[in-house]
Amino acid sequence: MDVILLERIAKLGQMGETVKVKDGFARNYLLPLGKALRANEGNKKRFEAERATLEARNLERKGEAQAVADTLAGKIFLVVRSAGETGQLYGSVAARDIIEVLAAEGYNIGRNQVDLNTPIKAIGLHKVVLHLHAEVEIEIELNVARSAEEAERQSKGESLTSADAIYGVDEDALRPEDFFDPEADQDGDDE
């Protein structure tokens, strides 16, 4: 199906271009969301008549997205999750969790604006790309840690994926005597 794009769409085209797309993509996504019109003579005339309004609206949306991107630039967001000693999370951090963290800071970002191919499954510093507008992208950093104290240590460049880093103990230097009292009663009677 041929459609006229009403806004820039990544990997498809610019506003005003007539492009050929699959019927399902047009019927289920582009047309219902108002991102395109069917390419026929009536709609071409309608688009040309409304072109200035559409371009002004697109410019306004881009300006709003750029303002949000400017406030997000350079920020690090803390995500506290339970994790094992190796740094493996007992769950994961998905796009929904990122939206909740951003909402807690006062940013209204949609789930479809978070570019996260696979959920985050380990503690550490992770970069996530947000698509605020078709022409505005920003990269934020998530500090995924077990606690705020660990997050602070992580932000200074410390790795927290070993017992030594977590507890301050050299696990290779531990001996069985460090865990058991050799003087303890072995036979079970309390004498």
# chains A, B, ... in the order shown; residues from 1 in each chain; ligands from 1
$ residues_around --residues "A:Val136" --least-positions-apart "2" --cutoff "8 Å" --atoms "only C-alpha atoms" --output "list in words"
Lys62, Ala65, Gln66, Ala69, His131, Leu132, His133, Ala134 and Ile138 of chain A
$ residues_around --residues "A:Lys20" --least-positions-apart "3" --cutoff "12 Å" --atoms "only C-alpha atoms" --output "ChimeraX atom specification"
/A:1-5,12-13,17,23-26,30,36-39
$ closest_residue --among "A:Gly34, A:Gly157, A:Gly106, A:Gly124" --to "A:Arg81" --atoms "only C-alpha atoms"
A:Gly124
$ closest_residue --among "A:Arg96, A:Glu85, A:Arg8, A:Ala67" --to "A:Leu54" --atoms "only C-alpha atoms"
A:Arg8
$ decode --residues "stretch 65-163 of chain A" --atoms "C-alpha atoms" --output "compact mmCIF listing (two decimals), in the first residue's frame"
# COMPACT_ATOMS: atom_id res chain seq x y z
CA ALA A 65 11.62 16.56 22.97
CA GLN A 66 14.90 18.47 22.72
CA ALA A 67 14.10 20.35 25.94
CA VAL A 68 13.53 17.05 27.76
CA ALA A 69 16.72 15.64 26.22
CA ASP A 70 18.69 18.65 27.48
CA THR A 71 17.46 18.08 31.05
CA LEU A 72 18.24 14.33 30.83
CA ALA A 73 21.75 14.84 29.43
CA GLY A 74 24.44 13.50 31.72
CA LYS A 75 22.08 12.20 34.40
CA ILE A 76 22.61 8.85 36.10
CA PHE A 77 19.56 7.05 37.47
CA LEU A 78 19.79 4.61 40.38
CA VAL A 79 17.99 1.26 40.20
CA VAL A 80 18.17 -0.87 43.36
CA ARG A 81 17.63 -4.60 42.84
CA SER A 82 18.47 -7.84 44.67
CA ALA A 83 21.42 -9.70 43.20
CA GLY A 84 23.72 -12.62 43.94
CA GLU A 85 27.42 -12.39 44.79
CA THR A 86 28.40 -12.63 41.13
CA GLY A 87 26.32 -9.58 40.28
CA GLN A 88 23.55 -11.53 38.59
CA LEU A 89 20.15 -9.95 39.32
CA TYR A 90 17.37 -12.08 40.81
CA GLY A 91 15.07 -10.49 38.26
CA SER A 92 15.81 -8.05 35.51
CA VAL A 93 15.44 -4.39 34.66
CA ALA A 94 13.10 -3.97 31.69
CA ALA A 95 11.74 -0.95 29.81
CA ARG A 96 8.81 -0.76 32.24
CA ASP A 97 11.23 -0.43 35.19
CA ILE A 98 13.19 2.30 33.42
CA ILE A 99 9.97 4.24 32.82
CA GLU A 100 9.11 3.95 36.54
CA VAL A 101 12.55 5.25 37.55
CA LEU A 102 12.23 8.17 35.13
CA ALA A 103 8.66 8.90 36.32
CA ALA A 104 9.90 9.04 39.93
CA GLU A 105 12.31 11.78 38.79
CA GLY A 106 9.48 13.65 37.03
CA TYR A 107 10.03 12.57 33.40
CA ASN A 108 7.06 11.32 31.38
CA ILE A 109 8.56 8.86 28.89
CA GLY A 110 6.56 6.25 26.97
CA ARG A 111 7.48 2.58 26.93
CA ASN A 112 7.95 2.61 23.17
CA GLN A 113 10.54 5.39 23.53
CA VAL A 114 12.96 3.17 25.48
CA ASP A 115 15.39 1.32 23.19
CA LEU A 116 16.23 -1.78 25.23
CA ASN A 117 16.67 -4.91 23.13
CA THR A 118 17.29 -7.23 26.07
CA PRO A 119 16.53 -6.66 29.75
CA ILE A 120 19.41 -5.76 32.07
CA LYS A 121 20.31 -8.83 34.15
CA ALA A 122 23.47 -7.77 36.01
CA ILE A 123 24.53 -5.01 38.36
CA GLY A 124 26.72 -2.26 36.96
CA LEU A 125 26.52 0.89 34.90
CA HIS A 126 24.35 0.46 31.79
CA LYS A 127 23.67 2.90 28.95
CA VAL A 128 20.11 3.07 27.57
CA VAL A 129 18.97 5.03 24.51
CA LEU A 130 15.69 6.96 24.62
CA HIS A 131 13.95 8.00 21.38
CA LEU A 132 12.09 11.13 22.46
CA HIS A 133 11.20 12.15 18.90
CA ALA A 134 11.97 10.81 15.45
CA GLU A 135 14.87 13.28 15.29
CA VAL A 136 15.85 13.41 19.00
CA GLU A 137 17.72 10.61 20.78
CA ILE A 138 19.41 10.73 24.18
CA GLU A 139 21.55 8.20 26.01
CA ILE A 140 21.04 7.92 29.77
CA GLU A 141 22.99 5.86 32.27
CA LEU A 142 21.47 3.44 34.77
CA ASN A 143 23.37 2.48 37.89
CA VAL A 144 21.96 -0.93 38.81
CA ALA A 145 23.10 -1.94 42.31
CA ARG A 146 22.04 -3.81 45.45
CA SER A 147 21.95 -0.63 47.57
CA ALA A 148 22.60 3.10 47.40
CA GLU A 149 26.02 2.57 49.04
CA GLU A 150 27.01 0.04 46.41
CA ALA A 151 25.75 2.36 43.68
CA GLU A 152 28.04 5.08 45.00
CA ARG A 153 31.02 2.69 45.02
CA GLN A 154 30.11 1.53 41.51
CA SER A 155 29.91 5.09 40.19
CA LYS A 156 33.53 5.58 41.35
CA GLY A 157 34.58 2.71 39.09
CA GLU A 158 34.65 -0.15 41.62
CA SER A 159 33.54 -3.60 40.45
CA LEU A 160 31.11 -5.32 42.83
CA THR A 161 30.92 -8.78 41.30
CA SER A 162 33.09 -10.71 43.79
CA ALA A 163 32.97 -11.45 47.51
